[in-house]
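For reference, work17.txt (compact mmCIF, C-alpha atoms and all ligand atoms):
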# COMPACT_ATOMS: atom_id res chain seq x y z
CA MET E 99 58.08 -45.49 47.02
CA MET E 100 55.47 -47.80 48.58
CA PHE E 101 51.93 -46.63 48.96
CA ILE E 102 48.47 -48.02 48.47
CA GLN E 103 46.73 -46.15 45.69
CA MET E 104 43.28 -45.05 46.73
CA LYS E 105 41.05 -42.87 44.60
CA VAL E 106 39.79 -39.98 46.72
CA PRO E 107 37.09 -37.79 45.15
CA LEU E 108 36.65 -34.13 46.08
CA LEU E 109 33.14 -35.05 47.13
CA ASP E 110 30.64 -37.81 46.54
CA LEU E 111 27.03 -36.71 46.68
CA ARG E 112 25.73 -40.23 46.13
CA ARG E 113 27.23 -41.36 49.43
CA GLN E 114 25.29 -38.62 51.17
CA ASN E 115 21.98 -38.84 49.36
CA LEU E 116 21.46 -42.52 48.54
CA PRO E 117 21.27 -43.76 52.17
CA MET E 118 18.20 -41.51 52.60
CA GLU E 119 16.66 -42.50 49.28
CA ALA E 120 13.42 -43.71 50.88
CA GLU E 121 12.92 -40.44 52.79
CA LEU E 122 13.76 -38.36 49.73
CA LEU E 123 11.30 -40.35 47.63
CA ASP E 124 8.65 -39.87 50.32
CA ALA E 125 9.23 -36.11 50.15
CA PHE E 126 9.03 -36.24 46.35
CA ARG E 127 5.78 -38.20 46.55
CA ARG E 128 4.35 -35.73 49.08
CA VAL E 129 4.90 -32.86 46.64
CA LEU E 130 3.74 -34.93 43.67
CA THR E 131 0.47 -35.85 45.32
CA SER E 132 -0.09 -32.33 46.67
CA GLY E 133 0.15 -30.86 43.16
CA GLN E 134 1.64 -27.72 44.76
CA PHE E 135 4.96 -27.16 42.99
CA ILE E 136 5.34 -23.40 43.42
CA GLN E 137 5.34 -21.81 46.90
CA GLY E 138 3.02 -23.44 49.45
CA PRO E 139 3.53 -25.23 52.77
CA GLU E 140 6.78 -27.12 51.98
CA VAL E 141 8.49 -23.84 51.12
CA GLU E 142 7.03 -22.04 54.14
CA GLN E 143 8.01 -24.78 56.56
CA PHE E 144 11.52 -25.01 55.18
CA GLU E 145 11.84 -21.23 55.37
CA SER E 146 11.06 -21.13 59.07
CA GLU E 147 13.14 -24.23 59.91
CA ALA E 148 16.17 -22.89 58.03
CA ALA E 149 15.79 -19.32 59.33
CA ALA E 150 15.96 -20.75 62.86
CA VAL E 151 19.38 -22.29 62.07
CA ALA E 152 20.58 -18.85 60.94
CA GLY E 153 19.08 -17.26 64.07
CA ALA E 154 16.94 -14.94 61.96
CA ARG E 155 13.27 -13.98 62.26
CA PHE E 156 12.47 -14.32 58.57
CA GLY E 157 13.60 -16.77 55.91
CA ILE E 158 12.72 -16.29 52.25
CA GLY E 159 13.32 -19.26 49.97
CA MET E 160 15.30 -18.38 46.84
CA SER E 161 16.11 -20.09 43.59
CA SER E 162 19.85 -19.97 44.43
CA GLY E 163 22.41 -18.33 46.67
CA THR E 164 23.20 -15.99 43.78
CA ASP E 165 19.60 -14.84 43.52
CA ALA E 166 19.51 -14.33 47.28
CA ILE E 167 22.36 -11.78 46.95
CA LEU E 168 20.64 -10.17 43.98
CA VAL E 169 17.32 -9.82 45.80
CA ALA E 170 19.04 -8.45 48.93
CA LEU E 171 20.64 -5.71 46.83
CA MET E 172 17.33 -5.00 45.06
CA ALA E 173 15.44 -4.85 48.35
CA LEU E 174 17.96 -2.33 49.68
CA GLY E 175 17.36 -0.20 46.60
CA ILE E 176 20.97 -0.44 45.40
CA GLY E 177 21.46 0.40 41.73
CA PRO E 178 23.24 2.57 39.16
CA GLY E 179 25.60 5.17 40.67
CA ASP E 180 26.01 3.17 43.90
CA GLU E 181 29.11 1.35 45.12
CA VAL E 182 29.24 -1.82 47.17
CA ILE E 183 32.39 -3.05 48.91
CA CYS E 184 33.15 -6.78 48.80
CA PRO E 185 36.22 -8.98 48.90
CA SER E 186 38.07 -9.74 45.68
CA PHE E 187 38.95 -13.23 46.87
CA THR E 188 35.53 -14.90 46.72
CA PHE E 189 33.19 -16.68 44.32
CA PHE E 190 32.08 -14.58 41.36
CA ALA E 191 28.43 -14.31 42.43
CA THR E 192 29.23 -11.91 45.29
CA ALA E 193 30.41 -9.18 42.91
CA GLY E 194 28.48 -10.35 39.84
CA CYS E 195 25.21 -9.50 41.61
CA ILE E 196 26.46 -6.00 42.47
CA ALA E 197 27.20 -5.40 38.78
CA ARG E 198 23.87 -6.93 37.74
CA VAL E 199 21.89 -4.32 39.69
CA GLY E 200 23.96 -1.65 37.92
CA ALA E 201 26.13 -0.75 40.91
CA ARG E 202 29.93 -0.83 41.06
CA PRO E 203 31.73 -3.56 43.01
CA VAL E 204 34.63 -2.08 44.99
CA PHE E 205 37.12 -4.76 45.86
CA ALA E 206 38.82 -5.03 49.23
CA ASP E 207 41.74 -7.22 50.22
CA SER E 208 41.57 -10.27 52.47
CA CYS E 209 43.03 -11.60 55.69
CA PRO E 210 46.01 -13.86 54.85
CA GLU E 211 45.15 -16.29 57.65
CA CYS E 212 41.38 -16.77 57.47
CA PHE E 213 40.97 -15.69 53.81
CA ASN E 214 38.07 -13.38 54.70
CA LEU E 215 37.55 -9.68 54.05
CA ALA E 216 40.14 -7.69 56.04
CA PRO E 217 38.15 -5.04 57.97
CA SER E 218 41.14 -2.66 58.08
CA GLY E 219 40.93 -2.24 54.29
CA ILE E 220 37.28 -1.21 54.18
CA GLU E 221 37.22 2.38 55.38
CA PRO E 222 39.64 3.85 52.79
CA LEU E 223 37.31 2.51 50.06
CA ILE E 224 34.20 4.32 51.33
CA THR E 225 32.98 7.22 49.18
CA PRO E 226 29.73 9.22 49.19
CA ARG E 227 28.43 6.63 46.69
CA THR E 228 29.04 3.62 48.94
CA LYS E 229 25.77 1.98 49.97
CA ALA E 230 26.67 -1.44 51.36
CA ILE E 231 29.35 -3.93 52.35
CA ILE E 232 29.15 -7.62 51.48
CA PRO E 233 31.46 -9.64 53.74
CA VAL E 234 31.71 -13.30 52.68
CA HIS E 235 32.03 -16.11 55.23
CA LEU E 236 34.49 -17.89 53.00
CA PHE E 237 35.08 -21.64 53.19
CA GLY E 238 32.82 -21.97 56.24
CA GLN E 239 34.26 -19.46 58.72
CA ALA E 240 32.66 -16.13 59.58
CA ALA E 241 34.35 -12.94 58.50
CA ASP E 242 35.30 -10.61 61.36
CA MET E 243 31.82 -9.11 61.60
CA ASP E 244 31.99 -6.74 64.59
CA PRO E 245 34.44 -4.30 62.94
CA VAL E 246 32.48 -4.58 59.66
CA LEU E 247 29.20 -3.80 61.43
CA GLU E 248 30.79 -0.94 63.36
CA ILE E 249 32.18 0.67 60.17
CA ALA E 250 28.81 0.17 58.44
CA ARG E 251 26.94 1.78 61.34
CA ARG E 252 29.27 4.77 61.42
CA HIS E 253 28.90 5.39 57.68
CA GLY E 254 25.21 4.47 57.37
CA LEU E 255 25.87 1.45 55.13
CA ALA E 256 23.88 -1.74 54.77
CA VAL E 257 25.54 -5.12 55.39
CA ILE E 258 24.69 -8.24 53.38
CA GLU E 259 26.42 -11.35 54.68
CA ASP E 260 27.26 -13.77 51.90
CA ALA E 261 26.90 -16.92 53.99
CA ALA E 262 26.67 -19.22 50.93
CA GLN E 263 29.45 -21.43 52.30
CA ALA E 264 28.80 -21.08 56.01
CA PHE E 265 25.25 -22.16 56.87
CA GLY E 266 25.34 -23.06 60.57
CA ALA E 267 28.62 -21.28 61.37
CA VAL E 268 28.76 -19.07 64.47
CA TYR E 269 30.54 -15.74 65.14
CA ARG E 270 30.95 -14.72 68.82
CA GLY E 271 27.95 -16.83 69.76
CA ARG E 272 25.73 -15.54 66.94
CA PRO E 273 24.85 -17.59 63.85
CA VAL E 274 26.05 -16.13 60.56
CA GLY E 275 23.32 -14.61 58.42
CA SER E 276 21.67 -12.94 61.41
CA LEU E 277 24.33 -10.27 61.93
CA GLY E 278 23.81 -7.94 58.99
CA ASP E 279 20.69 -6.51 57.33
CA PHE E 280 20.47 -9.63 55.20
CA GLY E 281 22.17 -13.02 55.12
CA THR E 282 22.31 -15.03 51.91
CA ILE E 283 22.69 -18.79 51.87
CA SER E 284 23.29 -21.31 49.08
CA PHE E 285 22.05 -24.90 49.00
CA PHE E 286 24.01 -25.72 45.84
CA PRO E 287 24.43 -29.52 45.96
CA THR E 288 28.06 -29.36 47.12
CA LYS E 289 27.36 -27.06 50.06
CA ASN E 290 27.20 -28.25 53.67
CA LEU E 291 23.44 -28.46 53.26
CA GLY E 292 22.98 -29.35 49.62
CA ALA E 293 19.73 -29.53 47.67
CA LEU E 294 19.21 -31.87 44.72
CA GLY E 295 19.52 -28.93 42.36
CA ASP E 296 19.79 -25.18 42.80
CA ALA E 297 18.31 -23.59 45.93
CA GLY E 298 19.00 -20.70 48.28
CA LEU E 299 17.70 -18.67 51.20
CA LEU E 300 17.61 -15.03 52.23
CA VAL E 301 17.37 -14.29 55.94
CA THR E 302 16.72 -11.07 57.82
CA ASP E 303 15.35 -9.78 61.11
CA ASP E 304 13.76 -6.77 59.42
CA GLU E 305 10.08 -7.30 58.70
CA ALA E 306 9.81 -4.58 56.04
CA LEU E 307 12.90 -5.86 54.17
CA ALA E 308 11.56 -9.43 54.40
CA GLU E 309 8.27 -8.33 52.89
CA LYS E 310 9.99 -6.47 50.07
CA ALA E 311 12.25 -9.44 49.31
CA ARG E 312 9.20 -11.74 49.22
CA LEU E 313 7.59 -9.47 46.64
CA LEU E 314 10.76 -9.15 44.58
CA ARG E 315 11.22 -12.91 44.29
CA ASN E 316 7.76 -13.13 42.73
CA HIS E 317 7.83 -10.40 40.07
CA GLY E 318 7.02 -7.76 42.68
CA ALA E 319 3.44 -8.98 42.84
CA SER E 320 1.52 -8.67 46.10
CA ARG E 321 -1.34 -10.52 44.44
CA ARG E 322 -1.48 -12.17 41.06
CA TYR E 323 -1.00 -9.71 38.16
CA PHE E 324 -0.77 -6.65 40.45
CA HIS E 325 2.91 -5.61 40.47
CA SER E 326 4.04 -2.96 42.93
CA LEU E 327 7.75 -3.54 42.21
CA VAL E 328 9.86 -4.79 39.32
CA GLY E 329 11.11 -8.12 40.61
CA GLY E 330 11.75 -11.46 38.98
CA ASN E 331 11.24 -15.17 39.38
CA PHE E 332 13.62 -16.01 42.20
CA ARG E 333 11.42 -18.63 43.90
CA LEU E 334 12.58 -21.78 45.67
CA ASP E 335 10.86 -24.87 44.20
CA ALA E 336 8.51 -26.70 46.56
CA LEU E 337 10.27 -29.92 45.55
CA GLN E 338 13.70 -28.62 46.63
CA ALA E 339 12.19 -27.31 49.87
CA ALA E 340 10.70 -30.75 50.63
CA LEU E 341 14.01 -32.52 49.84
CA LEU E 342 15.98 -30.00 51.92
CA ARG E 343 13.63 -30.65 54.85
CA VAL E 344 14.79 -34.28 54.80
CA LYS E 345 18.42 -33.19 54.98
CA LEU E 346 18.18 -30.22 57.36
CA PRO E 347 17.98 -32.33 60.55
CA ARG E 348 21.33 -33.89 59.52
CA LEU E 349 23.11 -30.56 59.14
CA ALA E 350 24.76 -30.72 62.58
CA GLU E 351 26.09 -34.18 61.75
CA TYR E 352 27.46 -33.05 58.36
CA THR E 353 29.18 -30.14 60.08
CA ALA E 354 30.63 -32.32 62.85
CA ARG E 355 32.07 -34.78 60.33
CA ARG E 356 33.59 -32.02 58.21
CA GLN E 357 35.10 -30.49 61.34
CA GLN E 358 36.52 -33.84 62.36
CA HIS E 359 38.22 -34.26 58.97
CA ALA E 360 39.59 -30.72 59.20
CA ALA E 361 40.91 -31.34 62.73
CA GLU E 362 42.61 -34.54 61.58
CA TYR E 363 44.21 -32.77 58.60
CA ASN E 364 45.42 -30.04 60.97
CA ARG E 365 46.87 -32.62 63.34
CA ALA E 366 48.54 -34.70 60.62
CA LEU E 367 50.00 -31.77 58.68
CA ALA E 368 50.93 -29.49 61.62
CA GLY E 369 54.45 -28.13 61.53
CA ARG E 370 55.15 -29.23 57.96
CA ASP E 371 57.34 -26.82 56.05
CA GLY E 372 55.88 -25.58 52.80
CA VAL E 373 52.20 -25.53 53.74
CA VAL E 374 50.19 -23.05 55.81
CA LEU E 375 47.17 -24.69 57.37
CA PRO E 376 43.81 -22.91 57.66
CA THR E 377 43.30 -20.82 60.78
CA THR E 378 40.12 -20.92 62.85
CA HIS E 379 39.76 -17.85 65.03
CA PRO E 380 38.83 -18.80 68.62
CA ASP E 381 35.78 -16.50 68.61
CA ARG E 382 34.06 -18.36 65.75
CA THR E 383 33.33 -21.82 64.43
CA HIS E 384 34.52 -23.13 61.08
CA ILE E 385 32.12 -25.55 59.40
CA ALA E 386 34.85 -26.66 56.95
CA ASN E 387 32.71 -26.32 53.86
CA GLN E 388 36.18 -26.30 52.30
CA TYR E 389 39.53 -27.31 53.78
CA THR E 390 41.91 -24.88 52.14
CA LEU E 391 45.62 -24.62 52.74
CA ARG E 392 48.32 -22.40 51.26
CA VAL E 393 51.34 -23.86 49.52
CA ARG E 394 54.31 -21.54 49.80
CA GLY E 395 57.19 -21.12 47.39
CA GLY E 396 55.28 -21.59 44.14
CA GLY E 397 54.63 -25.29 44.75
CA ARG E 398 50.82 -25.27 44.62
CA ASP E 399 50.44 -26.48 41.05
CA ALA E 400 53.14 -29.12 41.51
CA LEU E 401 51.28 -30.38 44.59
CA ARG E 402 48.06 -30.59 42.61
CA ARG E 403 49.78 -32.58 39.86
CA PHE E 404 51.28 -34.90 42.49
CA LEU E 405 47.86 -35.41 44.08
CA GLN E 406 46.32 -36.10 40.70
CA GLU E 407 48.93 -38.79 40.02
CA ARG E 408 47.90 -40.36 43.33
CA ALA E 409 44.21 -40.14 42.27
CA VAL E 410 43.52 -37.60 45.05
CA ALA E 411 41.17 -34.86 43.88
CA SER E 412 41.70 -31.23 44.83
CA GLU E 413 40.34 -27.88 43.68
CA ILE E 414 41.39 -24.26 43.56
CA TYR E 415 38.88 -21.88 45.07
CA TYR E 416 39.69 -19.40 43.44
CA PRO E 417 42.42 -19.09 40.83
CA VAL E 418 41.67 -15.49 39.73
CA PRO E 419 40.73 -12.72 42.19
CA LEU E 420 37.65 -10.83 41.05
CA HIS E 421 39.43 -7.50 40.47
CA ALA E 422 41.48 -9.32 37.79
CA GLN E 423 38.51 -10.96 36.04
CA GLU E 424 37.95 -10.14 32.38
CA SER E 425 34.29 -9.36 33.08
CA PHE E 426 35.31 -6.47 35.36
CA ARG E 427 37.88 -4.97 32.99
CA ALA E 428 35.44 -2.16 32.19
CA LEU E 429 35.88 -0.93 35.77
CA GLY E 430 39.39 0.21 34.74
CA PRO E 431 42.83 -0.73 36.06
CA HIS E 432 42.72 -1.92 39.63
CA PRO E 433 45.35 -1.28 42.31
CA ALA E 434 47.10 -4.41 43.56
CA LEU E 435 45.42 -6.44 46.28
CA PRO E 436 48.48 -8.36 47.46
CA VAL E 437 46.76 -10.85 49.75
CA ALA E 438 43.98 -11.75 47.29
CA GLU E 439 46.58 -12.19 44.54
CA ALA E 440 48.85 -14.35 46.72
CA LEU E 441 45.91 -16.49 47.83
CA ALA E 442 44.82 -17.09 44.24
CA ASP E 443 48.34 -18.40 43.52
CA GLU E 444 48.79 -20.44 46.68
CA VAL E 445 45.51 -22.00 47.83
CA VAL E 446 44.38 -25.56 47.28
CA SER E 447 41.31 -27.22 48.75
CA LEU E 448 41.34 -30.87 49.82
CA PRO E 449 38.48 -33.40 50.03
CA VAL E 450 36.56 -32.76 53.27
CA PHE E 451 33.07 -34.09 52.50
CA PRO E 452 31.25 -35.57 55.51
CA GLU E 453 31.15 -39.14 54.18
CA MET E 454 34.87 -39.33 53.42
CA THR E 455 36.42 -42.33 55.22
CA SER E 456 39.43 -42.12 57.52
CA GLU E 457 41.30 -44.31 54.97
CA GLU E 458 40.61 -41.76 52.26
CA ARG E 459 41.69 -38.94 54.53
CA GLY E 460 44.84 -40.91 55.34
CA ALA E 461 45.56 -41.29 51.62
CA VAL E 462 45.29 -37.51 51.18
CA VAL E 463 47.64 -36.87 54.10
CA ALA E 464 50.12 -39.49 52.86
CA ALA E 465 50.16 -37.95 49.38
CA ILE E 466 50.79 -34.45 50.75
CA THR E 467 53.46 -35.69 53.14
CA ASP E 468 55.24 -37.56 50.34
CA PHE E 469 55.10 -34.47 48.17
CA LEU E 470 56.56 -32.27 50.89
CA GLU E 471 59.33 -34.79 51.54
CA SER E 472 60.18 -35.24 47.85
CA GLU E 473 63.03 -33.33 46.23
CA PRO E 474 61.66 -30.19 44.50
CA GLU E 475 63.41 -31.13 41.24
CA GLY E 476 61.77 -34.56 41.27
CA ARG E 477 58.22 -33.12 41.40
C1 LIG K 501 30.67 -17.30 48.34
C2 LIG K 501 29.54 -17.69 47.44
N1 LIG K 501 28.61 -16.76 47.13
C3 LIG K 501 27.55 -17.07 46.37
C4 LIG K 501 27.37 -18.33 45.85
C5 LIG K 501 26.22 -18.57 44.94
O1 LIG K 501 25.39 -19.61 45.33
P1 LIG K 501 24.58 -20.46 44.24
O2 LIG K 501 25.56 -21.36 43.58
O3 LIG K 501 23.57 -21.18 45.05
O4 LIG K 501 23.97 -19.50 43.29
C6 LIG K 501 28.29 -19.33 46.15
C7 LIG K 501 28.09 -20.70 45.65
O5 LIG K 501 28.85 -21.32 45.01
C8 LIG K 501 29.41 -19.00 46.95
O6 LIG K 501 30.33 -19.92 47.26

Please lay out the structure from this file as structure tokens.
Ligand SMILES: Cc1ncc(COP(=O)(O)O)c(C=O)c1O
Amino acid sequence: MMFIQMKVPLLDLRRQNLPMEAELLDAFRRVLTSGQFIQGPEVEQFESEAAAVAGARFGIGMSSGTDAILVALMALGIGPGDEVICPSFTFFATAGCIARVGARPVFADSCPECFNLAPSGIEPLITPRTKAIIPVHLFGQAADMDPVLEIARRHGLAVIEDAAQAFGAVYRGRPVGSLGDFGTISFFPTKNLGALGDAGLLVTDDEALAEKARLLRNHGASRRYFHSLVGGNFRLDALQAALLRVKLPRLAEYTARRQQHAAEYNRALAGRDGVVLPTTHPDRTHIANQYTLRVRGGGRDALRRFLQERAVASEIYYPVPLHAQESFRALGPHPALPVAEALADEVVSLPVFPEMTSEERGAVVAAITDFLESEPEGR
């Protein structure tokens, strides 16, 4: 078989960051000369600039997307004896934070097409102990928020949107993060807006919750050494805030490039037997933080091996649904969640980083096409 071997990484942060080296160094120098490394104007300015993208009144810089979820739960007063509903098919942090505040994660199944929390599965899980729902905007597309919000309103539950992977995505004209009581965002370096280290943001429209979250991220202290709440150190570094401010104006461009790659994958792979392409619902945008397809018929791992032989990187987000994780075994045996379990066996994510070239994308498509056209026994 004739093909030109081209190494395609899953992502390449140097390609994104090095062209703005001078601006990043300027931001570093600004913080260095200011001597203000904790809190201060860089953090405050980033908070308001980033909150505007999420369409929220208040933004609270956080040390990570994980800590943003943790602080949201703490601010809502969720703790031992409480239950919080979240999808099983998501990154660990969503449920890990629920367990860390002493509450019980209650796992719901997902939509087989968009991979997000299936609203129809929520209501049967509600008990008198349920306090909140955490929908996750997985892979860059909003969960179906209106039914989630309606169920939450009817049962008096809080909603925390885990928007770690979807900063800038829109649901029915409204930016994600601004729909629930809190939105939590991650600026982990591989995210659509990536810091040069760990960083996160909590957003809300509720002034009292914003104030409480601000206290909690700083050991619950309203002024130094006077602690009205038991919080922690969940602060965003001034340095990360300054670096993120260099990258934030490019967010729309990152998103557009990711979306272009996703559209080209969809076009090139449409109608191919054996793979199910990701669905974007017409009432929302998909920022393609990941481009994730399903491989039917047990061929996912064979496809990954084939891609690896062609030097095309891929990843599985996520191979084990959370209800099956060892860390949650203490919760007892869990009923089957057929969609989450099927997704864990069938999904594979392809390179979709903004700086990927069309040649690299073509190499990914060619490798997948060759795999699908090869004889199953030859794989
Ligand atoms: C869905 C989801 N939730 C939460 C997080 C946690 O974010 P962070 O890595 O910034 O702690 C991530 C990041 O990987 C994520 O993908």

Hey, which bits of chain E sit within 8 Å of ligand LIG 501 (chain K), and for each residue what's the closest pair of atoms and how far apart in Å (one decimal), counting all atoms listed in the file, rows by chain and increasing number, as a tab-separated table?
residue	atom	partner	partner_atom	distance
E:Ser161	CA	K:LIG501	O3	7.7
E:Ser162	CA	K:LIG501	O3	4.0
E:Gly163	CA	K:LIG501	O3	3.5
E:Thr164	CA	K:LIG501	O4	3.6
E:Asp165	CA	K:LIG501	O4	6.4
E:Ala166	CA	K:LIG501	O4	7.9
E:Ile167	CA	K:LIG501	C3	7.4
E:Thr188	CA	K:LIG501	C1	5.7
E:Phe189	CA	K:LIG501	C1	4.8
E:Phe190	CA	K:LIG501	N1	7.1
E:Ala191	CA	K:LIG501	C3	4.9
E:Thr192	CA	K:LIG501	N1	5.2
E:Val234	CA	K:LIG501	C1	6.0
E:His235	CA	K:LIG501	C1	7.1
E:Leu236	CA	K:LIG501	C1	6.1
E:Phe237	CA	K:LIG501	O6	7.8
E:Asp260	CA	K:LIG501	N1	5.8
E:Ala261	CA	K:LIG501	C1	6.8
E:Ala262	CA	K:LIG501	C2	4.8
E:Gln263	CA	K:LIG501	O6	5.3
E:Thr282	CA	K:LIG501	C3	7.9
E:Ile283	CA	K:LIG501	O1	7.1
E:Ser284	CA	K:LIG501	O3	4.0
E:Phe285	CA	K:LIG501	O3	5.6
E:Phe286	CA	K:LIG501	O3	4.6
E:Lys289	CA	K:LIG501	C7	7.8
E:Asp296	CA	K:LIG501	O3	5.9
E:Ala297	CA	K:LIG501	O3	5.9
E:Gly298	CA	K:LIG501	O3	5.6

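Proximity of E:Ile249, E:Val446, E:Ala206, E:Leu299 to Ile466 in chain E, computed with only C-alpha atoms, is greatest for E:Val446.
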
Near range 134-146 of chain E, counting all atoms listed in the file, which residues have an atom at most 7 Å away, once you skip same-chain residues fewer than 6 positions from it, shown as a PyMOL selection string? chain E and resi 156-159+335-337+339-340+343

Close residues, Glu211 in chain E itself excluded, 12 Å, only C-alpha atoms, min 2 positions apart in chain, as an MDAnalysis selection string: chainID E and resid 208:209 213:216 236 239 241:242 374:379 390:392 437:438 440:441 445

Could you pull the residues within 9 Å of range 425-431 of chain E, counting only C-alpha atoms, minus those fewer than 4 positions along the same chain, as a PyMOL selection string? chain E and resi 194+197+202-203+420-421

Shell of 6 Å around range 174-183 of chain E, only C-alpha atoms, local chain residues under 3 positions omitted, as a PDB file with C-alpha atoms, in the coordinates of the input:
ATOM      1  CA  LEU E 171      20.640  -5.710  46.830  1.00  0.00           C
ATOM      2  CA  VAL E 199      21.890  -4.320  39.690  1.00  0.00           C
ATOM      3  CA  GLY E 200      23.960  -1.650  37.920  1.00  0.00           C
ATOM      4  CA  ALA E 201      26.130  -0.750  40.910  1.00  0.00           C
ATOM      5  CA  ARG E 202      29.930  -0.830  41.060  1.00  0.00           C
ATOM      6  CA  PRO E 203      31.730  -3.560  43.010  1.00  0.00           C
ATOM      7  CA  VAL E 204      34.630  -2.080  44.990  1.00  0.00           C
ATOM      8  CA  PHE E 205      37.120  -4.760  45.860  1.00  0.00           C
ATOM      9  CA  ARG E 227      28.430   6.630  46.690  1.00  0.00           C
ATOM     10  CA  THR E 228      29.040   3.620  48.940  1.00  0.00           C
ATOM     11  CA  LYS E 229      25.770   1.980  49.970  1.00  0.00           C
ATOM     12  CA  ALA E 230      26.670  -1.440  51.360  1.00  0.00           C
ATOM     13  CA  ILE E 231      29.350  -3.930  52.350  1.00  0.00           C
TER      14      ILE E 231
END

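Pairwise distance (CA of Gln357 in chain E, CA of Met160 in chain E) equals 27.4 Å.
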
Among listed residues E:Gly460, E:Pro449, E:Gly329, E:Pro433, nearest Asp207 in chain E (using only C-alpha atoms): E:Pro433

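Distance check against Ala400 in chain E using all atoms listed in the file: of E:Leu346, E:Leu470, E:Leu448, E:Leu108, the minimum falls on E:Leu470.
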